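Novice: Before I ask anything, let me first share the structure, which is written out below as structure tokens.
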Amino acid sequence: MTSKRALPWYYAVNDRPVKMVATSDGGMEVMVLDMKTGEFKRDMSYLSQVSDGGKDVDEFDETAFNRRVESIRKDLGNKR
């Protein structure tokens, strides 16, 4: 599912927002939205799930991804 296009790449894995971003040294990090805090945390374990392209993986463009993240954060704020 990953490609040779430039990072960042945006996904949802089991409805959890996941973004792959470039590091300053030319590498890549996988950042996953913490569904309790609404903040992104590094979690490289999601790389294999995205790479496998399972049925619970959806790819997004940046705009749709950001809308999804903001919606989740809004819902989290309403639950506090």
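Simple scheme: letters A, B, ... for chains in structure tokens order, numbers from 1 for residues in each chain, numbers from 1 for ligands in the order shown.
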For Trp9 (chain A), list every protein, DNA or RNA residue within 9 Å, evaluated using only C-alpha atoms, and leave out those in the same chain fewer than 2 positions away; present the list as a short mmCIF file (atom, residue, chain, number, x, y, z; two decimals) with N, CA and C atoms, in the first residue's frame.

Specialist:
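Below is the file that was written, out-v3.cif:
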```
data_model
loop_
_atom_site.label_atom_id
_atom_site.label_comp_id
_atom_site.auth_asym_id
_atom_site.auth_seq_id
_atom_site.Cartn_x
_atom_site.Cartn_y
_atom_site.Cartn_z
N THR A 2 2.04 1.20 0.59
CA THR A 2 2.92 2.36 0.55
C THR A 2 3.49 2.51 -0.84
N ARG A 5 5.89 7.83 -3.58
CA ARG A 5 5.60 9.26 -3.55
C ARG A 5 6.14 9.86 -2.25
N ALA A 6 6.30 11.16 -2.24
CA ALA A 6 6.90 11.85 -1.10
C ALA A 6 6.03 11.75 0.15
N LEU A 7 6.68 11.65 1.28
CA LEU A 7 5.99 11.70 2.56
C LEU A 7 5.52 13.12 2.81
N TYR A 11 -3.28 7.62 6.65
CA TYR A 11 -4.11 6.42 6.69
C TYR A 11 -5.00 6.42 7.92
N VAL A 18 -3.37 7.44 11.26
CA VAL A 18 -1.96 7.07 11.25
C VAL A 18 -1.30 7.87 10.13
N LYS A 19 -0.20 8.56 10.45
CA LYS A 19 0.51 9.27 9.40
C LYS A 19 1.98 8.87 9.41
N MET A 20 2.52 8.79 8.22
CA MET A 20 3.94 8.46 8.06
C MET A 20 4.62 9.74 7.61
N VAL A 21 5.62 10.14 8.39
CA VAL A 21 6.28 11.41 8.14
C VAL A 21 7.78 11.21 7.98
N GLU A 59 -6.65 4.79 2.98
CA GLU A 59 -5.71 5.86 2.68
C GLU A 59 -6.48 7.16 2.45
N PHE A 60 -5.90 8.28 2.92
CA PHE A 60 -6.54 9.59 2.81
C PHE A 60 -5.59 10.60 2.20
N ASP A 61 -6.16 11.66 1.64
CA ASP A 61 -5.34 12.82 1.31
C ASP A 61 -5.23 13.67 2.58
N GLU A 62 -4.36 14.66 2.56
CA GLU A 62 -4.09 15.44 3.77
C GLU A 62 -5.34 16.14 4.31
#
```

Novice: I want to know what sits within 10 Å of Val13 (chain A), based on only C-alpha atoms, with residues of the same chain fewer than 3 positions away left out; could you give that as a list in words?

Specialist: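 These residues fall inside the cut-off: Arg16, Pro17, Val18, Val32, Tyr46, Gln49, Val50, Gly53, Gly54, Lys55, Asp56, Val57, Asp58 and Glu59 of chain A.
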
Novice: Would you save the residues of that selection, restricted to N, CA, C and O atoms, as an mmCIF file, in the first residue's frame?

Specialist:
```
data_model
loop_
_atom_site.group_PDB
_atom_site.id
_atom_site.type_symbol
_atom_site.label_atom_id
_atom_site.label_comp_id
_atom_site.auth_asym_id
_atom_site.auth_seq_id
_atom_site.Cartn_x
_atom_site.Cartn_y
_atom_site.Cartn_z
ATOM 1 N N ARG A 16 -8.292 4.389 13.297
ATOM 2 C CA ARG A 16 -7.333 5.223 14.029
ATOM 3 C C ARG A 16 -6.440 5.949 13.023
ATOM 4 O O ARG A 16 -5.782 5.311 12.206
ATOM 5 N N PRO A 17 -6.384 7.291 13.085
ATOM 6 C CA PRO A 17 -5.514 8.037 12.178
ATOM 7 C C PRO A 17 -4.041 7.695 12.379
ATOM 8 O O PRO A 17 -3.549 7.646 13.507
ATOM 9 N N VAL A 18 -3.368 7.439 11.265
ATOM 10 C CA VAL A 18 -1.955 7.074 11.254
ATOM 11 C C VAL A 18 -1.296 7.870 10.126
ATOM 12 O O VAL A 18 -1.794 7.873 9.006
ATOM 13 N N VAL A 32 0.797 7.821 15.347
ATOM 14 C CA VAL A 32 -0.547 7.287 15.531
ATOM 15 C C VAL A 32 -1.300 8.158 16.520
ATOM 16 O O VAL A 32 -0.760 8.543 17.561
ATOM 17 N N TYR A 46 2.548 0.085 13.496
ATOM 18 C CA TYR A 46 1.506 0.285 12.490
ATOM 19 C C TYR A 46 2.055 0.210 11.067
ATOM 20 O O TYR A 46 1.286 0.074 10.119
ATOM 21 N N GLN A 49 1.029 -3.006 9.392
ATOM 22 C CA GLN A 49 -0.400 -3.065 9.069
ATOM 23 C C GLN A 49 -0.714 -2.283 7.808
ATOM 24 O O GLN A 49 -1.487 -2.732 6.956
ATOM 25 N N VAL A 50 -0.097 -1.112 7.665
ATOM 26 C CA VAL A 50 -0.315 -0.300 6.467
ATOM 27 C C VAL A 50 0.315 -0.981 5.262
ATOM 28 O O VAL A 50 -0.279 -1.052 4.186
ATOM 29 N N GLY A 53 -1.681 -3.702 3.774
ATOM 30 C CA GLY A 53 -2.870 -3.259 3.057
ATOM 31 C C GLY A 53 -4.112 -4.042 3.405
ATOM 32 O O GLY A 53 -4.906 -4.359 2.534
ATOM 33 N N GLY A 54 -4.293 -4.330 4.671
ATOM 34 C CA GLY A 54 -5.445 -5.091 5.121
ATOM 35 C C GLY A 54 -6.759 -4.392 4.875
ATOM 36 O O GLY A 54 -6.819 -3.220 4.503
ATOM 37 N N LYS A 55 -7.830 -5.114 5.116
ATOM 38 C CA LYS A 55 -9.157 -4.558 4.847
ATOM 39 C C LYS A 55 -9.513 -3.413 5.782
ATOM 40 O O LYS A 55 -10.407 -2.633 5.490
ATOM 41 N N ASP A 56 -8.827 -3.304 6.913
ATOM 42 C CA ASP A 56 -9.121 -2.238 7.859
ATOM 43 C C ASP A 56 -8.181 -1.051 7.716
ATOM 44 O O ASP A 56 -7.997 -0.273 8.636
ATOM 45 N N VAL A 57 -7.563 -0.903 6.539
ATOM 46 C CA VAL A 57 -6.655 0.202 6.253
ATOM 47 C C VAL A 57 -7.235 1.052 5.137
ATOM 48 O O VAL A 57 -7.551 0.543 4.062
ATOM 49 N N ASP A 58 -7.389 2.340 5.420
ATOM 50 C CA ASP A 58 -7.887 3.278 4.420
ATOM 51 C C ASP A 58 -6.848 4.371 4.221
ATOM 52 O O ASP A 58 -6.246 4.835 5.191
ATOM 53 N N GLU A 59 -6.655 4.793 2.981
ATOM 54 C CA GLU A 59 -5.710 5.862 2.681
ATOM 55 C C GLU A 59 -6.478 7.164 2.453
ATOM 56 O O GLU A 59 -7.571 7.157 1.886
#
```

Novice: How many Å lie between CA of Asp52 (chain A) and CA of Arg68 (chain A), rounded to one decimal?

Specialist: 22.3 Å

Novice: Any idea what the distance is between CA of Pro8 (chain A) and CA of Ser48 (chain A)?

Specialist: 16.5 Å

Novice: List the spatial neighbours of Asp75 (chain A) as an MDAnalysis selection string - criterion: any atom at most 12 Å away, only C-alpha atoms, same-chain residues fewer than 4 positions off excluded.

Specialist: chainID A and resid 35:38 68:71 79:80

Novice: Could you please write out, as a list in words, every residue of chain A that DSSP assigns to strand (DSSP E or B)?

Specialist: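 Those in chain A that DSSP calls strand (DSSP E or B) are Trp9, Tyr10, Tyr11, Ala12, Val13, Arg16, Pro17, Val18, Lys19, Met20, Val21, Ala22, Met28, Glu29, Val30, Met31, Val32, Leu33, Phe40, Lys41, Arg42, Val57, Asp58, Glu59 and Phe60 of chain A.
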
Novice: Which is closer to Ile72 (chain A) than all the others in A:Ser51, A:Asp43, A:Asp15, A:Gly26, using only C-alpha atoms?

Specialist: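 Among the listed residues, A:Asp15 lies closest to Ile72 (chain A).
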
Novice: Show me, as a list in words, the residues that have an atom within 7 Å of Arg42 (chain A) when counting only C-alpha atoms, minus same-chain residues fewer than 4 positions from it.

Specialist: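 The residues that qualify are Glu29, Val30, Met31 and Val32 of chain A.
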
Novice: Please write the residues from the selection above to a file, keeping all heavy atoms, as a compact mmCIF listing (two decimals), in the first residue's frame.

Specialist:
```
# COMPACT_ATOMS: atom_id res chain seq x y z
N GLU A 29 9.01 8.04 10.26
CA GLU A 29 8.37 7.68 11.53
C GLU A 29 6.89 7.46 11.27
O GLU A 29 6.30 8.10 10.39
CB GLU A 29 8.54 8.78 12.58
CG GLU A 29 9.92 8.86 13.14
CD GLU A 29 10.00 9.80 14.32
OE1 GLU A 29 9.18 10.73 14.42
OE2 GLU A 29 10.90 9.58 15.16
N VAL A 30 6.31 6.57 12.05
CA VAL A 30 4.88 6.33 11.99
C VAL A 30 4.27 6.96 13.24
O VAL A 30 4.63 6.61 14.37
CB VAL A 30 4.56 4.82 11.93
CG1 VAL A 30 3.07 4.60 11.88
CG2 VAL A 30 5.24 4.19 10.72
N MET A 31 3.37 7.90 13.02
CA MET A 31 2.72 8.61 14.12
C MET A 31 1.25 8.22 14.16
O MET A 31 0.56 8.27 13.14
CB MET A 31 2.87 10.12 13.92
CG MET A 31 4.31 10.58 13.75
SD MET A 31 5.36 10.25 15.17
CE MET A 31 4.67 11.38 16.37
N VAL A 32 0.80 7.82 15.35
CA VAL A 32 -0.55 7.29 15.53
C VAL A 32 -1.30 8.16 16.52
O VAL A 32 -0.76 8.54 17.56
CB VAL A 32 -0.46 5.83 16.05
CG1 VAL A 32 -1.83 5.26 16.27
CG2 VAL A 32 0.34 4.98 15.08
```

Novice: In Å, with one decimal, what is the gap from CA of Ala64 (chain A) to CA of Ala22 (chain A)?

Specialist: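 CA of Ala22 (chain A) lies 19.7 Å from CA of Ala64 (chain A).
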
Novice: Which of chain A counts as alpha helix (DSSP H) under DSSP, as a PDB file with N, CA and C atoms, in the first residue's frame please?

Specialist:
```pdb
ATOM      1  N   TYR A  46       2.548   0.085  13.496  1.00  0.00           N
ATOM      2  CA  TYR A  46       1.506   0.285  12.490  1.00  0.00           C
ATOM      3  C   TYR A  46       2.055   0.210  11.067  1.00  0.00           C
ATOM      4  N   LEU A  47       3.365   0.290  10.909  1.00  0.00           N
ATOM      5  CA  LEU A  47       3.955   0.224   9.573  1.00  0.00           C
ATOM      6  C   LEU A  47       3.591  -1.086   8.876  1.00  0.00           C
ATOM      7  N   SER A  48       3.674  -2.180   9.583  1.00  0.00           N
ATOM      8  CA  SER A  48       3.373  -3.475   8.957  1.00  0.00           C
ATOM      9  C   SER A  48       1.895  -3.581   8.582  1.00  0.00           C
ATOM     10  N   GLN A  49       1.029  -3.006   9.392  1.00  0.00           N
ATOM     11  CA  GLN A  49      -0.400  -3.065   9.069  1.00  0.00           C
ATOM     12  C   GLN A  49      -0.714  -2.283   7.808  1.00  0.00           C
ATOM     13  N   VAL A  50      -0.097  -1.112   7.665  1.00  0.00           N
ATOM     14  CA  VAL A  50      -0.315  -0.300   6.467  1.00  0.00           C
ATOM     15  C   VAL A  50       0.315  -0.981   5.262  1.00  0.00           C
ATOM     16  N   SER A  51       1.518  -1.507   5.438  1.00  0.00           N
ATOM     17  CA  SER A  51       2.228  -2.155   4.331  1.00  0.00           C
ATOM     18  C   SER A  51       1.483  -3.382   3.819  1.00  0.00           C
ATOM     19  N   ASP A  52       0.836  -4.110   4.730  1.00  0.00           N
ATOM     20  CA  ASP A  52       0.089  -5.294   4.344  1.00  0.00           C
ATOM     21  C   ASP A  52      -1.195  -4.942   3.591  1.00  0.00           C
ATOM     22  N   GLU A  62      -4.359  14.655   2.563  1.00  0.00           N
ATOM     23  CA  GLU A  62      -4.094  15.438   3.772  1.00  0.00           C
ATOM     24  C   GLU A  62      -5.335  16.141   4.312  1.00  0.00           C
ATOM     25  N   THR A  63      -6.133  16.697   3.437  1.00  0.00           N
ATOM     26  CA  THR A  63      -7.326  17.433   3.873  1.00  0.00           C
ATOM     27  C   THR A  63      -8.322  16.513   4.572  1.00  0.00           C
ATOM     28  N   ALA A  64      -8.625  15.387   3.971  1.00  0.00           N
ATOM     29  CA  ALA A  64      -9.571  14.443   4.576  1.00  0.00           C
ATOM     30  C   ALA A  64      -9.019  13.891   5.885  1.00  0.00           C
ATOM     31  N   PHE A  65      -7.734  13.623   5.925  1.00  0.00           N
ATOM     32  CA  PHE A  65      -7.101  13.123   7.143  1.00  0.00           C
ATOM     33  C   PHE A  65      -7.238  14.148   8.270  1.00  0.00           C
ATOM     34  N   ASN A  66      -6.924  15.406   7.975  1.00  0.00           N
ATOM     35  CA  ASN A  66      -7.010  16.449   9.002  1.00  0.00           C
ATOM     36  C   ASN A  66      -8.435  16.642   9.495  1.00  0.00           C
ATOM     37  N   ARG A  67      -9.408  16.536   8.599  1.00  0.00           N
ATOM     38  CA  ARG A  67     -10.814  16.628   9.027  1.00  0.00           C
ATOM     39  C   ARG A  67     -11.158  15.491   9.981  1.00  0.00           C
ATOM     40  N   ARG A  68     -10.682  14.306   9.667  1.00  0.00           N
ATOM     41  CA  ARG A  68     -10.940  13.132  10.508  1.00  0.00           C
ATOM     42  C   ARG A  68     -10.322  13.322  11.897  1.00  0.00           C
ATOM     43  N   VAL A  69      -9.080  13.785  11.937  1.00  0.00           N
ATOM     44  CA  VAL A  69      -8.392  14.011  13.208  1.00  0.00           C
ATOM     45  C   VAL A  69      -9.133  15.063  14.031  1.00  0.00           C
ATOM     46  N   GLU A  70      -9.517  16.157  13.411  1.00  0.00           N
ATOM     47  CA  GLU A  70     -10.222  17.217  14.140  1.00  0.00           C
ATOM     48  C   GLU A  70     -11.568  16.734  14.666  1.00  0.00           C
ATOM     49  N   SER A  71     -12.245  15.906  13.899  1.00  0.00           N
ATOM     50  CA  SER A  71     -13.524  15.351  14.350  1.00  0.00           C
ATOM     51  C   SER A  71     -13.329  14.472  15.591  1.00  0.00           C
ATOM     52  N   ILE A  72     -12.305  13.659  15.557  1.00  0.00           N
ATOM     53  CA  ILE A  72     -12.023  12.797  16.712  1.00  0.00           C
ATOM     54  C   ILE A  72     -11.655  13.645  17.928  1.00  0.00           C
ATOM     55  N   ARG A  73     -10.823  14.660  17.727  1.00  0.00           N
ATOM     56  CA  ARG A  73     -10.428  15.529  18.836  1.00  0.00           C
ATOM     57  C   ARG A  73     -11.629  16.265  19.411  1.00  0.00           C
ATOM     58  N   LYS A  74     -12.536  16.675  18.541  1.00  0.00           N
ATOM     59  CA  LYS A  74     -13.751  17.351  19.008  1.00  0.00           C
ATOM     60  C   LYS A  74     -14.579  16.408  19.865  1.00  0.00           C
ATOM     61  N   ASP A  75     -14.734  15.160  19.411  1.00  0.00           N
ATOM     62  CA  ASP A  75     -15.477  14.171  20.185  1.00  0.00           C
ATOM     63  C   ASP A  75     -14.800  13.903  21.529  1.00  0.00           C
ATOM     64  N   LEU A  76     -13.485  13.850  21.544  1.00  0.00           N
ATOM     65  CA  LEU A  76     -12.750  13.639  22.799  1.00  0.00           C
ATOM     66  C   LEU A  76     -12.990  14.803  23.763  1.00  0.00           C
ATOM     67  N   GLY A  77     -13.008  16.023  23.229  1.00  0.00           N
ATOM     68  CA  GLY A  77     -13.243  17.201  24.056  1.00  0.00           C
ATOM     69  C   GLY A  77     -14.638  17.203  24.665  1.00  0.00           C
ATOM     70  N   ASN A  78     -15.606  16.685  23.936  1.00  0.00           N
ATOM     71  CA  ASN A  78     -16.980  16.623  24.436  1.00  0.00           C
ATOM     72  C   ASN A  78     -17.139  15.555  25.516  1.00  0.00           C
ATOM     73  N   LYS A  79     -16.253  14.585  25.549  1.00  0.00           N
ATOM     74  CA  LYS A  79     -16.358  13.501  26.530  1.00  0.00           C
ATOM     75  C   LYS A  79     -15.642  13.812  27.836  1.00  0.00           C
TER      76      LYS A  79
END
```
